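A.B. asks: Input file: query_4.txt. Contents: compact mmCIF, C-alpha atoms.
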# COMPACT_ATOMS: atom_id res chain seq x y z
CA GLU A 1 -39.92 -40.11 37.26
CA LYS A 2 -40.15 -36.80 39.14
CA GLY A 3 -39.33 -38.58 42.39
CA GLY A 4 -36.23 -40.20 40.93
CA TYR A 5 -37.55 -43.70 41.73
CA ASN A 6 -36.26 -46.89 40.14
CA MET A 7 -39.35 -48.81 41.23
CA VAL A 8 -42.89 -47.80 42.25
CA PHE A 9 -45.55 -50.08 43.76
CA CYS A 10 -49.30 -49.43 43.95
CA ASP A 11 -52.16 -50.76 46.07
CA PHE A 12 -54.81 -52.96 44.43
CA TYR A 13 -58.26 -54.54 44.69
CA TYR A 14 -58.70 -58.30 45.00
CA THR A 15 -61.98 -59.67 43.64
CA ASP A 16 -63.68 -62.92 42.61
CA GLY A 17 -65.70 -61.03 40.02
CA ASP A 18 -68.88 -61.28 42.08
CA LYS A 19 -69.33 -60.11 45.66
CA MET A 20 -65.81 -60.20 47.05
CA LEU A 21 -63.86 -56.97 46.72
CA LYS A 22 -60.98 -56.38 49.07
CA GLU A 23 -58.47 -53.59 49.19
CA ASN A 24 -54.87 -54.71 49.51
CA ILE A 25 -52.98 -51.72 50.78
CA ASN A 26 -49.51 -51.10 52.08
CA THR A 27 -49.49 -50.09 55.75
CA ASP A 28 -45.72 -50.33 56.15
CA ASP A 29 -43.81 -47.15 55.37
CA ASN A 30 -40.43 -48.92 55.40
CA LEU A 31 -39.42 -49.03 51.74
CA ASP A 32 -35.86 -50.10 52.36
CA ALA A 33 -34.90 -52.68 49.71
CA GLU A 34 -33.49 -55.17 52.24
CA HIS A 35 -36.67 -54.95 54.32
CA LEU A 36 -38.84 -55.55 51.25
CA ILE A 37 -36.68 -58.49 50.10
CA TYR A 38 -37.27 -60.15 53.49
CA GLN A 39 -41.02 -59.36 53.34
CA PHE A 40 -41.37 -60.92 49.91
CA CYS A 41 -39.30 -63.97 50.92
CA ALA A 42 -41.56 -64.41 53.95
CA THR A 43 -44.68 -63.80 51.80
CA ILE A 44 -45.77 -60.92 54.04
CA LYS A 45 -46.50 -58.85 50.92
CA TYR A 46 -47.87 -59.80 47.50
CA SER A 47 -44.85 -60.08 45.20
CA CYS A 48 -46.57 -59.34 41.90
CA LEU A 49 -44.95 -57.46 39.02
CA TRP A 50 -48.29 -56.19 37.76
CA ARG A 51 -48.60 -53.90 40.78
CA MET A 52 -45.44 -51.98 39.97
CA VAL A 53 -43.55 -49.91 37.44
CA VAL A 54 -39.84 -50.63 37.05
CA LYS A 55 -37.22 -48.47 35.40
CA ARG A 56 -35.92 -50.21 32.30
CA ASP A 57 -32.28 -49.71 33.36
CA LEU A 58 -32.69 -52.24 36.20
CA PHE A 59 -33.06 -55.04 33.68
CA SER A 60 -29.55 -54.39 32.37
CA ASN A 61 -28.20 -56.08 35.53
CA ASP A 62 -27.36 -59.77 35.73
CA ILE A 63 -30.98 -60.94 36.02
CA ILE A 64 -31.92 -64.62 36.00
CA TYR A 65 -35.28 -65.09 34.28
CA PRO A 66 -37.35 -68.01 35.63
CA GLU A 67 -38.89 -70.52 33.26
CA ALA A 68 -41.34 -72.18 35.68
CA HIS A 69 -44.78 -70.61 36.13
CA MET A 70 -45.13 -70.20 39.91
CA ILE A 71 -43.67 -67.31 41.96
CA GLU A 72 -41.85 -66.15 38.83
CA ASP A 73 -42.84 -62.59 39.81
CA ARG A 74 -41.17 -62.96 43.20
CA THR A 75 -38.07 -64.49 41.61
CA LEU A 76 -37.63 -61.42 39.39
CA LEU A 77 -38.76 -58.88 41.99
CA ILE A 78 -36.20 -59.90 44.63
CA GLN A 79 -33.40 -59.50 42.08
CA LEU A 80 -34.71 -56.11 40.93
CA LEU A 81 -35.02 -54.87 44.51
CA TYR A 82 -31.39 -55.76 45.17
CA TYR A 83 -30.27 -53.59 42.23
CA CYS A 84 -32.66 -50.66 42.72
CA SER A 85 -30.41 -48.63 45.10
CA ASN A 86 -33.31 -48.06 47.54
CA LYS A 87 -35.02 -45.65 45.13
CA ILE A 88 -38.45 -47.13 45.83
CA GLY A 89 -41.82 -45.40 45.86
CA TRP A 90 -45.35 -46.49 46.79
CA CYS A 91 -48.53 -45.06 45.30
CA HIS A 92 -51.22 -45.31 47.99
CA HIS A 93 -54.09 -45.74 45.53
CA CYS A 94 -55.67 -48.93 44.22
CA LEU A 95 -54.75 -48.85 40.54
CA TYR A 96 -55.26 -52.52 39.72
CA TYR A 97 -58.03 -55.13 40.00
CA TYR A 98 -56.85 -58.70 40.58
CA LEU A 99 -59.50 -61.21 39.45
CA SER A 100 -59.33 -64.60 41.18
CA ARG A 101 -60.68 -67.39 38.93
CA PRO A 102 -61.28 -70.99 40.10
CA ASP A 103 -59.97 -72.35 36.76
CA SER A 104 -56.70 -70.40 36.86
CA ILE A 105 -53.27 -71.93 37.55
CA VAL A 106 -53.52 -70.64 41.12
CA GLY A 107 -57.22 -71.45 41.58
CA ASN A 108 -57.18 -75.02 40.21
CA ARG A 109 -56.76 -77.31 43.26
CA SER A 110 -56.60 -80.65 41.45
CA LEU A 111 -53.88 -83.07 42.57
CA GLU A 112 -52.09 -82.82 39.23
CA ASN A 113 -52.07 -79.04 39.26
CA THR A 114 -51.08 -78.83 42.94
CA LEU A 115 -48.04 -81.03 42.35
CA LYS A 116 -47.11 -79.07 39.22
CA ARG A 117 -47.25 -75.84 41.21
CA TYR A 118 -45.08 -77.39 43.93
CA TYR A 119 -42.36 -78.40 41.46
CA ASP A 120 -42.57 -75.03 39.69
CA VAL A 121 -42.13 -73.29 43.05
CA MET A 122 -39.18 -75.52 43.90
CA SER A 123 -37.51 -74.57 40.61
CA ASN A 124 -37.86 -70.84 41.22
CA ILE A 125 -37.08 -71.01 44.94
CA ARG A 126 -33.68 -72.47 44.00
CA ILE A 127 -33.03 -69.40 41.85
CA ILE A 128 -33.97 -67.07 44.73
CA ILE A 129 -31.86 -68.96 47.29
CA ASP A 130 -28.83 -69.08 44.99
CA PHE A 131 -29.18 -65.35 44.30
CA ILE A 132 -29.51 -64.40 47.98
CA GLN A 133 -26.59 -66.61 48.98
CA SER A 134 -24.39 -64.93 46.37
CA LYS A 135 -25.14 -61.37 47.54
CA ASN A 136 -24.34 -59.31 50.61
CA ILE A 137 -27.81 -59.17 52.13
CA PRO A 138 -27.78 -58.66 55.94
CA SER A 139 -31.09 -60.54 56.40
CA LYS A 140 -29.76 -63.46 54.35
CA GLU A 141 -30.47 -66.23 56.89
CA ALA A 142 -34.02 -65.02 57.55
CA CYS A 143 -34.73 -64.85 53.82
CA ILE A 144 -33.34 -68.31 53.12
CA ILE A 145 -35.23 -70.16 55.87
CA ASN A 146 -38.50 -68.57 54.69
CA CYS A 147 -37.72 -69.50 51.09
CA LYS A 148 -36.99 -73.10 52.08
CA LEU A 149 -40.20 -73.37 54.10
CA TYR A 150 -42.44 -71.86 51.41
CA PRO A 151 -42.67 -74.81 48.94
CA ARG A 152 -44.15 -76.96 51.72
CA THR A 153 -47.19 -74.68 51.61
CA TYR A 154 -48.24 -76.38 48.38
CA LEU A 155 -48.18 -79.85 49.94
CA SER A 156 -49.93 -79.18 53.26
CA SER A 157 -53.41 -80.06 51.97
CA LEU A 158 -52.10 -83.37 50.58
CA THR A 159 -50.29 -84.62 53.66
CA PHE A 160 -53.15 -86.90 54.76
CA LYS A 161 -51.54 -89.28 52.26
CA LYS A 162 -48.29 -90.82 53.44
CA GLN A 163 -46.35 -90.26 50.22
CA TYR A 164 -47.05 -86.52 50.18
CA TYR A 165 -46.34 -86.13 53.88
CA GLN A 166 -42.97 -87.72 53.19
CA LEU A 167 -42.41 -85.32 50.30
CA TRP A 168 -43.36 -82.43 52.63
CA LYS A 169 -40.76 -83.63 55.17
CA ASP A 170 -38.11 -84.14 52.47
CA THR A 171 -38.45 -80.57 51.22
CA TYR A 172 -35.37 -78.85 52.61
CA PRO A 173 -35.26 -81.14 55.67
CA GLU A 174 -32.38 -79.11 57.14
CA ILE A 175 -34.86 -76.45 58.31
CA GLU A 176 -36.41 -78.86 60.83
CA GLY A 177 -35.69 -77.61 64.33
CA HIS A 178 -35.29 -74.01 63.11
CA ILE A 179 -38.90 -72.96 62.60
CA LEU A 180 -41.04 -72.98 65.76
CA CYS A 181 -38.97 -70.54 67.81
CA ASN A 182 -37.72 -68.53 64.84
CA HIS A 183 -39.29 -65.07 64.92
CA ASP A 184 -38.08 -64.42 61.38
CA VAL A 185 -40.74 -66.91 60.23
CA PRO A 186 -44.23 -65.30 60.27
CA VAL A 187 -46.62 -66.70 62.88
CA VAL A 188 -49.11 -67.90 60.25
CA ARG A 189 -46.35 -69.98 58.59
CA ARG A 190 -45.35 -71.50 61.91
CA MET A 191 -48.98 -72.35 62.69
CA ARG A 192 -49.35 -74.01 59.29
CA TYR A 193 -46.17 -75.97 59.93
CA ILE A 194 -47.45 -77.20 63.33
CA ALA A 195 -50.88 -78.17 61.92
CA THR A 196 -49.23 -80.13 59.09
CA LYS A 197 -46.77 -81.78 61.46
CA LEU A 198 -49.68 -82.90 63.67
CA HIS A 199 -51.61 -84.23 60.62
CA VAL A 200 -54.57 -81.89 61.22
CA PHE A 201 -54.03 -79.29 58.49
CA SER A 202 -56.04 -81.17 55.84
CA THR A 203 -58.98 -81.59 58.23
CA LEU A 204 -58.92 -77.92 59.24
CA LYS A 205 -58.73 -76.91 55.58
CA ARG A 206 -61.79 -79.04 54.69
CA ILE A 207 -63.78 -77.54 57.59
CA LYS A 208 -62.83 -74.04 56.44
CA ASP A 209 -63.89 -74.81 52.85
CA ILE A 210 -67.25 -76.24 54.02
CA ILE A 211 -67.91 -73.12 56.14
CA HIS A 212 -66.94 -70.86 53.22
CA VAL A 213 -69.27 -72.69 50.81
CA GLY A 214 -72.06 -72.66 53.35
Here is the file; what I need is its structure written in the form of structure tokens.
C.D. replies:
Amino acid sequence: EKGGYNMVFCDFYYTDGDKMLKENINTDDNLDAEHLIYQFCATIKYSCLWRMVVKRDLFSNDIIYPEAHMIEDRTLLIQLLYYCSNKIGWCHHCLYYYLSRPDSIVGNRSLENTLKRYYDVMSNIRIIIDFIQSKNIPSKEACIINCKLYPRTYLSSLTFKKQYYQLWKDTYPEIEGHILCNHDVPVVRRMRYIATKLHVFSTLKRIKDIIHVG
């Protein structure tokens, strides 16, 4: 309040409740709203509402509230950032513990839950894309291509089956040919795209899981 901020983020700890405890800190001093909107669209930063305090007045804007249960935080956050007039602060202290549970919506990797998450993400990504397209955001194209690529993330581990590989390809197919050489798409996303395209992502993921368990 003393700083006149409309929105303040904090750093946090990520833990599995046992031995894993990792600090997630902000190392980017650029708190420009447009820059942060791009970073959240490209999943460079965790877009979680629980790591922030938002001035109540921001919610008086024309906010679309998502009904699906995946990336609903990001869907709200991108809209709030647009309306916050660049009055953004960051508290460089870990004030929150995020507990990762294997039986949570995010942690449950069953086929049924994975597909549900994919369709939930698709529902909320449409809200984000429609919002960005309707606003004067200079990084609009970069935000949209990252948003359109993101839902495929939830299908990559299933693409060893033909039907899910086809669904992966049919997810915003217009982005094909605009990913590999696009520097607005983070390198890790492009690598995941290549591995899935070459039908090796599922194998690499299994190897990684075996090594992690071992």
A.B. asks: Taking into account only C-alpha atoms, which residue in the set A:Lys22, A:Arg126, A:Arg117, A:Lys140 is nearest to Thr75 of chain A?
C.D. replies: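 Of A:Lys22, A:Arg126, A:Arg117, A:Lys140, the one nearest Thr75 of chain A, counting only C-alpha atoms, is A:Arg126.
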A.B. asks: Can you write out as JSON lines which residues of segment 83-160 of chain A fall within 12 Å of segment 62-65 of chain A, alongside each residue's closest atom pair and its distance in Å to one decimal, counting all atoms listed in the file and ordering rows by chain and ascending residue number?
C.D. replies:
{"residue": "A:Tyr83", "atom": "CA", "partner": "A:Asp62", "partner_atom": "CA", "distance": 9.4}
{"residue": "A:Ser123", "atom": "CA", "partner": "A:Tyr65", "partner_atom": "CA", "distance": 11.6}
{"residue": "A:Asn124", "atom": "CA", "partner": "A:Tyr65", "partner_atom": "CA", "distance": 9.4}
{"residue": "A:Arg126", "atom": "CA", "partner": "A:Ile64", "partner_atom": "CA", "distance": 11.3}
{"residue": "A:Ile127", "atom": "CA", "partner": "A:Ile64", "partner_atom": "CA", "distance": 7.6}
{"residue": "A:Ile128", "atom": "CA", "partner": "A:Ile64", "partner_atom": "CA", "distance": 9.3}
{"residue": "A:Asp130", "atom": "CA", "partner": "A:Ile64", "partner_atom": "CA", "distance": 10.5}
{"residue": "A:Phe131", "atom": "CA", "partner": "A:Ile64", "partner_atom": "CA", "distance": 8.8}
A.B. asks: Expressed in Å to a single decimal, how great is the separation between atom CA of Thr203 of chain A and atom CA of Arg74 of chain A?
C.D. replies: 29.8 Å
A.B. asks: Any idea what the distance is between atom CA of Met70 of chain A and atom CA of Met122 of chain A?
C.D. replies: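 Taking atom CA of Met70 of chain A as the start and atom CA of Met122 of chain A as the end point, the length is 8.9 Å.
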A.B. asks: Please tabulate, as JSON lines, the residues of segment 25-83 of chain A that come within 10 Å of segment 187-190 of chain A, each with its closest pair of atoms and the distance in Å to one decimal, counting all atoms listed in the file and ordering rows by chain, then residue number upward.
C.D. replies:
{"residue": "A:Ala42", "atom": "CA", "partner": "A:Arg189", "partner_atom": "CA", "distance": 8.7}
{"residue": "A:Thr43", "atom": "CA", "partner": "A:Arg189", "partner_atom": "CA", "distance": 9.3}
{"residue": "A:Ile44", "atom": "CA", "partner": "A:Val188", "partner_atom": "CA", "distance": 9.9}
A.B. asks: So how far away is atom CA of Pro186 of chain A from atom CA of Gln166 of chain A, in Å?
C.D. replies: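 It comes out at 23.5 Å.
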A.B. asks: I want to know what sits within 9 Å of Ser139 of chain A, based on only C-alpha atoms, with residues of the same chain fewer than 5 positions away left out; could you give that as an NGL selection string?
C.D. replies: :A and (34-35 or 37-38 or 144)
A.B. asks: I'd like to know which of A:Ile129, A:Ile179, A:Leu198, A:Cys143 is closest to Gln39 of chain A, using all atoms listed in the file.
C.D. replies: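 Among the listed residues, the smallest separation from Gln39 of chain A belongs to A:Cys143.
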A.B. asks: If we count all atoms listed in the file and set the cut-off at 9 Å, which residues sit around Asn26 of chain A, ignoring sequence neighbours fewer than 2 positions away in its own chain? Please answer as a list in words.
C.D. replies: Cys10, Asp11, Asn24, Asp28, Asp29, Lys45, Trp90 and His92 of chain A
A.B. asks: From the list A:Asp32, A:Glu174, A:Asp73, A:Asp184, which residue is nearest Met52 of chain A when using all atoms listed in the file?
C.D. replies: A:Asp73
A.B. asks: Could the centre and edge lengths of an axis-aligned box, enclosing all atoms of segment 188-198 of chain A in the file with 3 Å extra on each side, be given in Å to one decimal as JSON?
C.D. replies:
{"center_x": -48.1, "center_y": -75.4, "center_z": 61.1, "size_x": 11.5, "size_y": 21.0, "size_z": 11.1}
A.B. asks: Out of A:Leu111, A:Ala33, A:Cys181, A:Val8, which residue has the shortest atom-to-atom distance to Pro138 of chain A when counting all atoms listed in the file?
C.D. replies: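 The closest residue to Pro138 of chain A is A:Ala33.
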A.B. asks: Which is closest to Tyr98 of chain A among A:Cys48, A:Arg56, A:Tyr5, A:Cys41, if we use only C-alpha atoms?
C.D. replies: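 The closest residue to Tyr98 of chain A is A:Cys48.
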A.B. asks: Copy segment 27-41 of chain A out of the block into a file, keeping all heavy atoms, as a PDB file, in the first residue's frame.
C.D. replies:
ATOM      1  N   THR A  27      14.296 -13.493 -10.778  1.00  0.00           N
ATOM      2  CA  THR A  27      15.607 -12.916 -11.077  1.00  0.00           C
ATOM      3  C   THR A  27      15.509 -11.870 -12.185  1.00  0.00           C
ATOM      4  O   THR A  27      16.518 -11.393 -12.681  1.00  0.00           O
ATOM      5  CB  THR A  27      16.597 -14.021 -11.523  1.00  0.00           C
ATOM      6  OG1 THR A  27      16.040 -14.720 -12.650  1.00  0.00           O
ATOM      7  CG2 THR A  27      16.834 -15.007 -10.400  1.00  0.00           C
ATOM      8  N   ASP A  28      14.290 -11.536 -12.560  1.00  0.00           N
ATOM      9  CA  ASP A  28      14.045 -10.579 -13.631  1.00  0.00           C
ATOM     10  C   ASP A  28      13.443  -9.318 -13.018  1.00  0.00           C
ATOM     11  O   ASP A  28      12.368  -9.346 -12.437  1.00  0.00           O
ATOM     12  CB  ASP A  28      13.077 -11.195 -14.651  1.00  0.00           C
ATOM     13  CG  ASP A  28      12.864 -10.297 -15.860  1.00  0.00           C
ATOM     14  OD1 ASP A  28      13.367  -9.156 -15.858  1.00  0.00           O
ATOM     15  OD2 ASP A  28      12.185 -10.736 -16.803  1.00  0.00           O
ATOM     16  N   ASP A  29      14.161  -8.218 -13.117  1.00  0.00           N
ATOM     17  CA  ASP A  29      13.694  -6.974 -12.509  1.00  0.00           C
ATOM     18  C   ASP A  29      12.704  -6.218 -13.374  1.00  0.00           C
ATOM     19  O   ASP A  29      12.222  -5.154 -12.980  1.00  0.00           O
ATOM     20  CB  ASP A  29      14.889  -6.056 -12.195  1.00  0.00           C
ATOM     21  CG  ASP A  29      15.769  -6.620 -11.089  1.00  0.00           C
ATOM     22  OD1 ASP A  29      15.213  -7.286 -10.196  1.00  0.00           O
ATOM     23  OD2 ASP A  29      16.993  -6.410 -11.131  1.00  0.00           O
ATOM     24  N   ASN A  30      12.402  -6.721 -14.555  1.00  0.00           N
ATOM     25  CA  ASN A  30      11.466  -6.048 -15.455  1.00  0.00           C
ATOM     26  C   ASN A  30      10.030  -6.370 -15.021  1.00  0.00           C
ATOM     27  O   ASN A  30       9.531  -7.462 -15.262  1.00  0.00           O
ATOM     28  CB  ASN A  30      11.697  -6.491 -16.898  1.00  0.00           C
ATOM     29  CG  ASN A  30      10.873  -5.697 -17.895  1.00  0.00           C
ATOM     30  OD1 ASN A  30       9.955  -4.959 -17.510  1.00  0.00           O
ATOM     31  ND2 ASN A  30      11.189  -5.825 -19.172  1.00  0.00           N
ATOM     32  N   LEU A  31       9.391  -5.427 -14.385  1.00  0.00           N
ATOM     33  CA  LEU A  31       8.025  -5.632 -13.901  1.00  0.00           C
ATOM     34  C   LEU A  31       7.008  -4.884 -14.748  1.00  0.00           C
ATOM     35  O   LEU A  31       5.914  -4.553 -14.283  1.00  0.00           O
ATOM     36  CB  LEU A  31       7.921  -5.198 -12.432  1.00  0.00           C
ATOM     37  CG  LEU A  31       8.768  -6.008 -11.443  1.00  0.00           C
ATOM     38  CD1 LEU A  31       8.574  -5.495 -10.034  1.00  0.00           C
ATOM     39  CD2 LEU A  31       8.436  -7.493 -11.533  1.00  0.00           C
ATOM     40  N   ASP A  32       7.380  -4.626 -15.997  1.00  0.00           N
ATOM     41  CA  ASP A  32       6.438  -4.032 -16.934  1.00  0.00           C
ATOM     42  C   ASP A  32       5.307  -5.026 -17.208  1.00  0.00           C
ATOM     43  O   ASP A  32       5.553  -6.221 -17.432  1.00  0.00           O
ATOM     44  CB  ASP A  32       7.166  -3.693 -18.235  1.00  0.00           C
ATOM     45  CG  ASP A  32       6.225  -3.175 -19.305  1.00  0.00           C
ATOM     46  OD1 ASP A  32       5.770  -2.037 -19.195  1.00  0.00           O
ATOM     47  OD2 ASP A  32       5.932  -3.941 -20.244  1.00  0.00           O
ATOM     48  N   ALA A  33       4.059  -4.558 -17.189  1.00  0.00           N
ATOM     49  CA  ALA A  33       2.908  -5.451 -17.328  1.00  0.00           C
ATOM     50  C   ALA A  33       2.942  -6.227 -18.635  1.00  0.00           C
ATOM     51  O   ALA A  33       2.665  -7.433 -18.665  1.00  0.00           O
ATOM     52  CB  ALA A  33       1.607  -4.650 -17.219  1.00  0.00           C
ATOM     53  N   GLU A  34       3.299  -5.563 -19.734  1.00  0.00           N
ATOM     54  CA  GLU A  34       3.336  -6.250 -21.034  1.00  0.00           C
ATOM     55  C   GLU A  34       4.379  -7.367 -21.021  1.00  0.00           C
ATOM     56  O   GLU A  34       4.140  -8.464 -21.534  1.00  0.00           O
ATOM     57  CB  GLU A  34       3.664  -5.253 -22.149  1.00  0.00           C
ATOM     58  CG  GLU A  34       3.708  -5.895 -23.527  1.00  0.00           C
ATOM     59  CD  GLU A  34       4.472  -5.061 -24.548  1.00  0.00           C
ATOM     60  OE1 GLU A  34       4.511  -3.845 -24.395  1.00  0.00           O
ATOM     61  OE2 GLU A  34       5.026  -5.654 -25.494  1.00  0.00           O
ATOM     62  N   HIS A  35       5.529  -7.102 -20.422  1.00  0.00           N
ATOM     63  CA  HIS A  35       6.590  -8.102 -20.325  1.00  0.00           C
ATOM     64  C   HIS A  35       6.118  -9.307 -19.515  1.00  0.00           C
ATOM     65  O   HIS A  35       6.347 -10.467 -19.889  1.00  0.00           O
ATOM     66  CB  HIS A  35       7.823  -7.473 -19.669  1.00  0.00           C
ATOM     67  CG  HIS A  35       8.956  -8.419 -19.418  1.00  0.00           C
ATOM     68  ND1 HIS A  35       9.712  -8.961 -20.429  1.00  0.00           N
ATOM     69  CD2 HIS A  35       9.457  -8.932 -18.262  1.00  0.00           C
ATOM     70  CE1 HIS A  35      10.633  -9.764 -19.915  1.00  0.00           C
ATOM     71  NE2 HIS A  35      10.495  -9.771 -18.612  1.00  0.00           N
ATOM     72  N   LEU A  36       5.423  -9.044 -18.401  1.00  0.00           N
ATOM     73  CA  LEU A  36       4.940 -10.135 -17.559  1.00  0.00           C
ATOM     74  C   LEU A  36       3.828 -10.929 -18.247  1.00  0.00           C
ATOM     75  O   LEU A  36       3.766 -12.150 -18.125  1.00  0.00           O
ATOM     76  CB  LEU A  36       4.443  -9.582 -16.222  1.00  0.00           C
ATOM     77  CG  LEU A  36       5.532  -9.077 -15.275  1.00  0.00           C
ATOM     78  CD1 LEU A  36       4.911  -8.411 -14.058  1.00  0.00           C
ATOM     79  CD2 LEU A  36       6.445 -10.212 -14.844  1.00  0.00           C
ATOM     80  N   ILE A  37       2.960 -10.246 -19.002  1.00  0.00           N
ATOM     81  CA  ILE A  37       1.908 -10.950 -19.746  1.00  0.00           C
ATOM     82  C   ILE A  37       2.541 -11.938 -20.716  1.00  0.00           C
ATOM     83  O   ILE A  37       2.129 -13.104 -20.802  1.00  0.00           O
ATOM     84  CB  ILE A  37       1.001  -9.953 -20.494  1.00  0.00           C
ATOM     85  CG1 ILE A  37       0.090  -9.221 -19.513  1.00  0.00           C
ATOM     86  CG2 ILE A  37       0.148 -10.682 -21.541  1.00  0.00           C
ATOM     87  CD1 ILE A  37      -0.713  -8.099 -20.130  1.00  0.00           C
ATOM     88  N   TYR A  38       3.580 -11.497 -21.429  1.00  0.00           N
ATOM     89  CA  TYR A  38       4.280 -12.416 -22.348  1.00  0.00           C
ATOM     90  C   TYR A  38       4.901 -13.576 -21.566  1.00  0.00           C
ATOM     91  O   TYR A  38       4.788 -14.741 -21.970  1.00  0.00           O
ATOM     92  CB  TYR A  38       5.372 -11.683 -23.132  1.00  0.00           C
ATOM     93  CG  TYR A  38       6.383 -12.634 -23.723  1.00  0.00           C
ATOM     94  CD1 TYR A  38       6.048 -13.454 -24.803  1.00  0.00           C
ATOM     95  CD2 TYR A  38       7.651 -12.768 -23.154  1.00  0.00           C
ATOM     96  CE1 TYR A  38       6.951 -14.370 -25.317  1.00  0.00           C
ATOM     97  CE2 TYR A  38       8.560 -13.683 -23.662  1.00  0.00           C
ATOM     98  CZ  TYR A  38       8.208 -14.475 -24.738  1.00  0.00           C
ATOM     99  OH  TYR A  38       9.103 -15.392 -25.231  1.00  0.00           O
ATOM    100  N   GLN A  39       5.565 -13.276 -20.437  1.00  0.00           N
ATOM    101  CA  GLN A  39       6.235 -14.323 -19.659  1.00  0.00           C
ATOM    102  C   GLN A  39       5.249 -15.367 -19.136  1.00  0.00           C
ATOM    103  O   GLN A  39       5.559 -16.555 -19.112  1.00  0.00           O
ATOM    104  CB  GLN A  39       6.999 -13.682 -18.494  1.00  0.00           C
ATOM    105  CG  GLN A  39       8.176 -12.827 -18.935  1.00  0.00           C
ATOM    106  CD  GLN A  39       9.435 -13.136 -18.161  1.00  0.00           C
ATOM    107  OE1 GLN A  39       9.403 -13.241 -16.948  1.00  0.00           O
ATOM    108  NE2 GLN A  39      10.540 -13.291 -18.851  1.00  0.00           N
ATOM    109  N   PHE A  40       4.073 -14.931 -18.744  1.00  0.00           N
ATOM    110  CA  PHE A  40       3.073 -15.882 -18.261  1.00  0.00           C
ATOM    111  C   PHE A  40       2.451 -16.663 -19.419  1.00  0.00           C
ATOM    112  O   PHE A  40       2.141 -17.852 -19.273  1.00  0.00           O
ATOM    113  CB  PHE A  40       2.011 -15.166 -17.442  1.00  0.00           C
ATOM    114  CG  PHE A  40       2.506 -14.685 -16.101  1.00  0.00           C
ATOM    115  CD1 PHE A  40       2.388 -13.357 -15.732  1.00  0.00           C
ATOM    116  CD2 PHE A  40       3.111 -15.559 -15.220  1.00  0.00           C
ATOM    117  CE1 PHE A  40       2.862 -12.919 -14.500  1.00  0.00           C
ATOM    118  CE2 PHE A  40       3.595 -15.137 -13.989  1.00  0.00           C
ATOM    119  CZ  PHE A  40       3.469 -13.802 -13.623  1.00  0.00           C
ATOM    120  N   CYS A  41       2.272 -16.017 -20.569  1.00  0.00           N
ATOM    121  CA  CYS A  41       1.771 -16.742 -21.750  1.00  0.00           C
ATOM    122  C   CYS A  41       2.761 -17.802 -22.197  1.00  0.00           C
ATOM    123  O   CYS A  41       2.382 -18.890 -22.638  1.00  0.00           O
ATOM    124  CB  CYS A  41       1.502 -15.766 -22.900  1.00  0.00           C
ATOM    125  SG  CYS A  41       0.005 -14.774 -22.716  1.00  0.00           S
TER     126      CYS A  41
END
